[in-house]
Protein chains: 4
Amino acid sequence: MTETITIKRLFSLNRDEVSRFLGCIYEHSPWVSEALLKTTDPNSINTVTELAAAMKAIVDESTTEQKMTLLCAHPDLCEKVAKMKELTKESQEEQSRAGLQSLEGDELEKFNSLNSNYRAKFNFPFILAVRNATKFTVMSALEGRLPNPPEREIAGALEQVHKIAWMRLLTKVESNDPVGFLTCHVLDTANGCPAAKMRIHLTRISPPASAGLIGEYITNIDGRLEGGPALKGKDFMVGTYEWKFFAGDYFASKGTFISGTPFLDEIPIRFGIDNPDDHYHVPLLVSPWSFSTYRGS
Amino acid sequence: MTETITIKRLFSLNRDEVSRFLGCIYEHSPWVSEALLKTTDPNSINTVTELAAAMKAIVDESTTEQKMTLLCAHPDLCEKVAKMKELTKESQEEQSRAGLQSLEGDELEKFNSLNSNYRAKFNFPFILAVRNATKFTVMSALEGRLPNPPEREIAGALEQVHKIAWMRLLTKVESNDPVGFLTCHVLDTANGCPAAKMRIHLTRISPPASAGLIGEYITNIDGRLEGGPALKGKDFMVGTYEWKFFAGDYFASKGTFISGTPFLDEIPIRFGIDNPDDHYHVPLLVSPWSFSTYRGS
Amino acid sequence: MTETITIKRLFSLNRDEVSRFLGCIYEHSPWVSEALLKTTDPNSINTVTELAAAMKAIVDESTTEQKMTLLCAHPDLCEKVAKMKELTKESQEEQSRAGLQSLEGDELEKFNSLNSNYRAKFNFPFILAVRNATKFTVMSALEGRLPNPPEREIAGALEQVHKIAWMRLLTKVESNDPVGFLTCHVLDTANGCPAAKMRIHLTRISPPASAGLIGEYITNIDGRLEGGPALKGKDFMVGTYEWKFFAGDYFASKGTFISGTPFLDEIPIRFGIDNPDDHYHVPLLVSPWSFSTYRGS
Amino acid sequence: MTETITIKRLFSLNRDEVSRFLGCIYEHSPWVSEALLKTTDPNSINTVTELAAAMKAIVDESTTEQKMTLLCAHPDLCEKVAKMKELTKESQEEQSRAGLQSLEGDELEKFNSLNSNYRAKFNFPFILAVRNATKFTVMSALEGRLPNPPEREIAGALEQVHKIAWMRLLTKVESNDPVGFLTCHVLDTANGCPAAKMRIHLTRISPPASAGLIGEYITNIDGRLEGGPALKGKDFMVGTYEWKFFAGDYFASKGTFISGTPFLDEIPIRFGIDNPDDHYHVPLLVSPWSFSTYRGS
């Protein structure tokens with residue numbers, strides 16, 4: 001991953017440099033960053049979230065024609081191989097992860113057919129903003145969205161465009177003072193109490209360069225991690241993570257009458273962190289026979 | 001794992017052989033299998049579940065003295081190393097997996113102290129029936145159960161004894177016609193409908209000799225696996241399993257407005273199967289921001 | 001509620017009568033039903049669901065101009081009182097339930113202001129399709145949707161229009177052979193088994209004319225209602241319902257160690273049925289300290 | 001309900017008075033309160049929870065004979081009508097609410113038969129600690145517990161005895177400084193965020209004398225109630241409560257595409273508060289198609 005600069009540092013550059021820096025956030029549409037510089041006070045922006053929102057607002061308030069032009073500025077997935085060189089650098093990187101190159105034979109034919117039907121129906125190329133998308137993701141999204149009524153798909157495609165912008169921003173800038181952090185909580189729904197003294201491991205799955213076991217914890221009497229957030233500051237990076245909850249050991253301490261091979265023992269919970277400015281609360285509600293989790297706050 | 005024989009085959013043996021075969025199911029207590037042969041019609045028993053229930057009933061109906069003797073017949077975890085040779089073969093195997101041998105220093109001292117406090121308080125040794133228990137499991141159970149009032153711990157310890165009997169039975173006999181099977185169902189709680197066309201993988205985690213990817217599935221229009229159970233017959237073996245649900249791809253097909261690195265993408269659900277005679281229904285309820293599972297039927 | 005006629009009976013009428021009958025389903029837009037009659041084989045339509053889908057498809061495939069005209073054909077909520085007479089009969093009925101007439105003073109002023117901001121921003125009136133909407137519902141929807149980007153709100157407003165069409169259809173036609181039904185299932189997540197012998201009551205809350213206790217049930221060994229669906233045929237009517245689960249009694253039978261005033265005792269689950277052609281599965285997952293429900297299938 | 005006195009006031013009485021006051025907490029077993037006074041420093045006890053725990057510890061540490069005597073000191077449900085006068089005052093009150101008097105004919109016969117089988121099997125009377133138990137509760141508990149092995153039922157019956165003691169204590173004493181309170185939190189699992197601006201009502205269902213609407217709330221930006229706990233101090237009384245969440249209005253503000261009669265609209269969540277010293281956190285996790293709640297902390 002390339003170096004990022006803080007928002008403060010970004011806006012200390014001269015206008016042309018900022019414009020160049022942000023010009024490629026929206027595909028082939030430098031007008032977005034130019035409008036940003038005209039209408040927005042840089043001092044009001046301190047986080048990537050705020051910068052993304054400001055740029056999104058400019059697109060939201062643009063004309064229908066501008067929006068359609070923006071959609072159409074995106075590369076066609078099918079023409080990818082042939083027209084590699086015309087793609088902006090950012091799009092190349094994202095598409096190379098898509099696993100589309102592995103499509104062959106009937107699959108490839110189906111993909112080409114869906115892709116051209118999509119463009120014929122909506123008059124703009126199919127756009128998908130998922131990091132590390134596989135061919136399954138692309139095919140699934142294409143098949144699922146093709147039957148949409150046009151007005152719904154326009155709205156949806158623009159949301160994909162904003163997501164791509166978000167992902168690009170994250171590779172270039174960072175909040176002046178990132179405040180995001182990760183917390184946990186374990187509730188025992190069989191006994192109606194916090195699950196105290198449960199062991200938990202946290203592992204980073206991706207990005208690969210930073211993958212590995214991050215920490216080992218034991219819940220306190222309130223079912224939370226002693227010592228505050230599991231991740232904050234520089235460690236709280238965009239990526240994929242996995243809790244492992246040692247629920248079997250916990251229920252053994254309760255003398256729960258469970259089977260020899262417990263239905264639930266080590267419980268992995270895999271989740272993604274996408275916003276370094278947010279609080280991610282990822283709890284576990286667990287009985288010996290059921291569990292659930294959710295994005296909390 | 002050693003060969004098992006069917007219940008039918010077991011009861012075709014002569015009474016002495018059956019007695020020898022089942023004599024070690026309850027620790028040093030051949031009287032249980034002897035009573036079974038006297039009171040129960042072998043033809044009424046077709047499954048491991050029924051055999052276990054019949055043997056349990058004999059213990060349940062025995063006197064308080066017999067129960068205390070049975071509890072006391074179990075080996076003391078602390079004396080394990082020193083008295084290895086006196087253990088029944090089954091107990092040796094179970095305890096060698098317990099990871100207790102890795103206890104050292106303060107941990108070992110704490111364990112010895114808890115263990116002797118347990119025996120002093122309850123007048124029977126600490127008994128724990130969890131396959132592959134680690135030192136964490138044992139310590140957790142010991143610490144958690146020590147404060148119990150005696151009458152509750154007697155009931156709990158007997159349940160552990162029945163679980164050990166169950167685990168031993170499973171290594172020796174099999175149902176005449178095993179009927180257990182594994183099914184799945186995926187509900188999309190954000191859209192209130194079955195999650196159709198979701199990819200799912202099923203992997204066996206243990207026993208190690210049979211570990212590996214078992215199958216790849218795509219949910220049908222009702223959110224279920226086409227073609228019936230994911231596991232049945234010989235493949236439906238006691239062990240640990242993991243579904244992997246490709247939820248991110250599914251929600252991409254819905255055009256869900258999610259972040260670039262989705263909160264939920266590939267969702268692993270790890271679970272144990274302990275009874276080859278049972279139906280295990282292990283479903284997923286999922287939105288882009290939450291999921292839950294449970295042992296269904 | 002007025003009499004409905006079956007789809008079969010509807011399409012046995014002559015073309016003009018059908019057109020008149022369906023002409024008011026989409027507000028001031030008889031062209032939808034006229035196009036339906038031209039393009040669709042009446043014999044392919046047997047359910048209200050299919051009829052609604054066929055009419056929706058015609059709107060979906062119409063031009064952007066036609067869609068905007070359709071949106072603009074809807075009455076302005078603010079002009080409601082003054083222009084009552086110009087409303088189509090159906091809209092009058094729906095809006096009289098909205099409780100907007102109770103808005104006064106600051107609330108009324110806020111509503112008028114939001115409503116005109118909405119029209120100014122999007123160039124079509126605010127449309128909301130909720131039966132029995134209160135002033136809270138209307139204000140909540142208006143405040144929540146006003147900040148949307150235009151392309152998203154156009155898609156959303158059209159969905160509201162289709163919902164209104166659906167609600168109007170339901171008051172006029174019925175499926176030839178309605179197949180919807182209501183089922184239940186209770187899982188005990190503390191013990192990992194179906195909750196057998198749990199008492200359940202089912203009550204209809206609305207429509208008021210049919211309100212009252214519908215049935216009393218006891219779950220069977222699989223946690224389901226003996227004798228099949230709780231509702232089907234004529235009894236399976238659009239409206240609001242409530243299960244009452246006697247979970248406290250159930251857990252008392254398990255000897256669960258709960259407090260004197262149980263955290264969960266009688267559990268009401270209120271839900272709406274909106275489609276007489278659908279299967280509604282409304283289960284309960286319950287432990288003494290937690291429960292959940294969902295729209296199943 | 002009779003006046004309660006604080007624990008501080010209780011222990012300011014002379015030893016005989018205290019003994020008389022607490023003598024009837026455990027049925028016909030004044031030895032419990034006498035032992036308490038001998039072994040426990042009154043200054044270490046400030047809450048009903050601590051007082052109950054101290055009395056329970058005395059029973060836990062008593063001999064098996066004492067425990068069996070305590071169990072046998074409880075009145076037989078069958079002999080209730082005939083021997084009303086011999087019951088302690090507390091038992092009378094509890095049993096009069098049980099609805100057992102309404103048993104007739106076959107039901108009564110079945111009850112009598114189960115009740116005498118229970119006593120014959122376990123050698124102590126059937127004991128049930130549920131406030132306002134109906135005949136269904138009693139029958140359900142009796143049928144469910146009769147098949148238990150004796151050692152499990154002894155443990156279970158003692159837990160019922162401790163619950164009865166707890167319920168009696170609550171009618172007589174109060175914590176010096178009650179710290180219990182009720183909080184709420186609403187998470188939107190369809191959008192992965194706190195549910196802001198959701199209206200909530202809180203109603204007390206029982207005790208009847210204090211029943212009625214308690215408060216109306218709107219969630220803040222974090223999905224919580226502005227201004228802290230919904231209940232604390234004197235208002236946080238043992239009883240049954242019901243939240244009503246206006247989820248339909250909330251999802252209307254999100255422009256959620258739901259049906260005309262939403263599957264979920266007004267969501268009632270009924271729950272009991274049993275401990276005036278505890279924090280009850282009763283949250284709602286909700287999508288347009290599913291919800292769950294649990295006893296949090």
# chains A, B, ... in the order shown; residues from 1 in each chain; ligands from 1
>>> interface_residues(of="chain C", to="chain A", cutoff="8 Å", atoms="only C-alpha atoms", output="MDAnalysis selection string")
chainID C and resid 60:61 149:152 154:156 189:192 287:290
>>> write_last_selection(atoms="C-alpha atoms", output="PDB file, in the first residue's frame")
ATOM      1  CA  ASP C  60     -41.012   0.040 -15.088  1.00  0.00           C
ATOM      2  CA  GLU C  61     -40.715  -0.098 -18.843  1.00  0.00           C
ATOM      3  CA  PRO C 149     -30.123  12.544  -3.673  1.00  0.00           C
ATOM      4  CA  PRO C 150     -32.760  13.004  -6.414  1.00  0.00           C
ATOM      5  CA  GLU C 151     -32.033   9.814  -8.341  1.00  0.00           C
ATOM      6  CA  ARG C 152     -32.478   7.767  -5.175  1.00  0.00           C
ATOM      7  CA  ILE C 154     -37.182   9.035  -7.692  1.00  0.00           C
ATOM      8  CA  ALA C 155     -36.570   5.301  -7.370  1.00  0.00           C
ATOM      9  CA  GLY C 156     -37.998   5.358  -3.839  1.00  0.00           C
ATOM     10  CA  THR C 189     -31.963 -21.809  22.154  1.00  0.00           C
ATOM     11  CA  ALA C 190     -30.961 -22.486  25.755  1.00  0.00           C
ATOM     12  CA  ASN C 191     -31.391 -26.234  25.348  1.00  0.00           C
ATOM     13  CA  GLY C 192     -30.818 -26.619  21.603  1.00  0.00           C
ATOM     14  CA  SER C 287     -34.084 -18.703  25.815  1.00  0.00           C
ATOM     15  CA  PRO C 288     -35.129 -17.550  29.296  1.00  0.00           C
ATOM     16  CA  TRP C 289     -33.180 -14.327  28.613  1.00  0.00           C
ATOM     17  CA  SER C 290     -33.488 -13.574  24.915  1.00  0.00           C
TER      18      SER C 290
END
>>> residues_around(residues="Ile58 in chain C", least_positions_apart="6", cutoff="8 Å", atoms="only C-alpha atoms", output="number ranges by chain")
C: 32, 35-36
>>> write_last_selection(atoms="C-alpha atoms", output="compact mmCIF listing (two decimals), in the first residue's frame")
# COMPACT_ATOMS: atom_id res chain seq x y z
CA VAL C 32 -51.27 1.43 -17.19
CA ALA C 35 -51.30 -1.20 -21.73
CA LEU C 36 -51.79 -4.27 -19.57
>>> residues_around(residues="Val48 in chain B", least_positions_apart="3", cutoff="9 Å", atoms="only C-alpha atoms", output="list in words")
Thr6, Ile7, Ile45, Leu51, Ala52, Ala53, Trp166, Leu169, Leu170, Val173, Glu174, Ser175, Asn176, Pro178, Asn275, Pro276 and Asp277 of chain B
>>> calpha_fit_rmsd(fixed="chain C", moving="chain B")
0.0 Å
>>> select_by_dssp(residues="range 117-195 of chain D", states="strand (DSSP E or B)", output="list in words")
Val173, Glu174, Phe181, Leu182, Thr183, His185, Val186, Leu187, Asp188, Cys193 and Pro194 of chain D
>>> closest_residue(among="B:Leu225, B:Leu103, B:Ile200, B:Leu108", to="Phe136 in chain A", atoms="only C-alpha atoms")
B:Ile200
>>> residues_around(residues="Ser33 in chain A", least_positions_apart="3", cutoff="9 Å", atoms="only C-alpha atoms", output="list in words")
Val18, Ser19, Arg20, Phe21, Leu22, Gly23, Cys24, Ile25, Tyr26, Ser29, Pro30, Leu36, Leu37, Lys38, Met55 and Ile58 of chain A
>>> residues_around(residues="range 143-145 of chain A", least_positions_apart="4", cutoff="10 Å", atoms="only C-alpha atoms", output="list in words")
Lys110, Phe111, Leu114, Asn115, Tyr118, Phe126, Val138, Met139, Pro149, Pro150, Arg152, Glu153, Gly156 and Ala157 of chain A; Lys197, Tyr250, Phe251, Ala252, Ser253, Lys254, Gly255 and Thr256 of chain B
>>> write_last_selection(atoms="C-alpha atoms", output="PDB file, in the first residue's frame")
ATOM      1  CA  LYS A 110     -22.361 -15.551 -20.075  1.00  0.00           C
ATOM      2  CA  PHE A 111     -20.451 -12.704 -18.526  1.00  0.00           C
ATOM      3  CA  LEU A 114     -24.846 -10.050 -19.259  1.00  0.00           C
ATOM      4  CA  ASN A 115     -22.438  -7.165 -19.436  1.00  0.00           C
ATOM      5  CA  TYR A 118     -26.606  -4.288 -18.893  1.00  0.00           C
ATOM      6  CA  PHE A 126     -21.679  -2.001 -15.084  1.00  0.00           C
ATOM      7  CA  VAL A 138     -19.014  -9.835 -10.233  1.00  0.00           C
ATOM      8  CA  MET A 139     -21.335 -12.396 -11.791  1.00  0.00           C
ATOM      9  CA  PRO A 149     -35.875  -0.770 -13.120  1.00  0.00           C
ATOM     10  CA  PRO A 150     -33.605   1.929 -14.622  1.00  0.00           C
ATOM     11  CA  ARG A 152     -33.305   2.236  -9.252  1.00  0.00           C
ATOM     12  CA  GLU A 153     -30.153   1.102 -11.039  1.00  0.00           C
ATOM     13  CA  GLY A 156     -27.485   2.128  -7.216  1.00  0.00           C
ATOM     14  CA  ALA A 157     -24.705   2.695  -9.751  1.00  0.00           C
TER      15      ALA A 157
ATOM     16  CA  LYS B 197     -28.291 -18.357  -5.090  1.00  0.00           C
ATOM     17  CA  TYR B 250     -25.167 -12.469  -2.300  1.00  0.00           C
ATOM     18  CA  PHE B 251     -25.735  -8.897  -1.109  1.00  0.00           C
ATOM     19  CA  ALA B 252     -23.832  -7.587  -4.132  1.00  0.00           C
ATOM     20  CA  SER B 253     -26.521  -9.237  -6.257  1.00  0.00           C
ATOM     21  CA  LYS B 254     -29.126  -7.275  -4.311  1.00  0.00           C
ATOM     22  CA  GLY B 255     -27.287  -4.047  -5.069  1.00  0.00           C
ATOM     23  CA  THR B 256     -27.059  -3.452  -1.332  1.00  0.00           C
TER      24      THR B 256
END
>>> select_by_dssp(residues="range 80-294 of chain B", states="alpha helix (DSSP H)", output="VMD selection string")
chain B and resid 80 to 83 89 to 96 105 to 122 135 to 145 150 to 170 247 to 253
>>> residues_around(residues="range 201-204 of chain D", least_positions_apart="5", cutoff="12 Å", atoms="only C-alpha atoms", output="ChimeraX atom specification")
/D:182-184,209-219,225,229-231,235-247,266-273,282
>>> atom_distance(atom1="CA of Ser12 in chain D", atom2="CA of Ser44 in chain D")
13.4 Å
>>> atom_distance(atom1="CA of Asp222 in chain A", atom2="CA of Phe181 in chain D")
15.8 Å
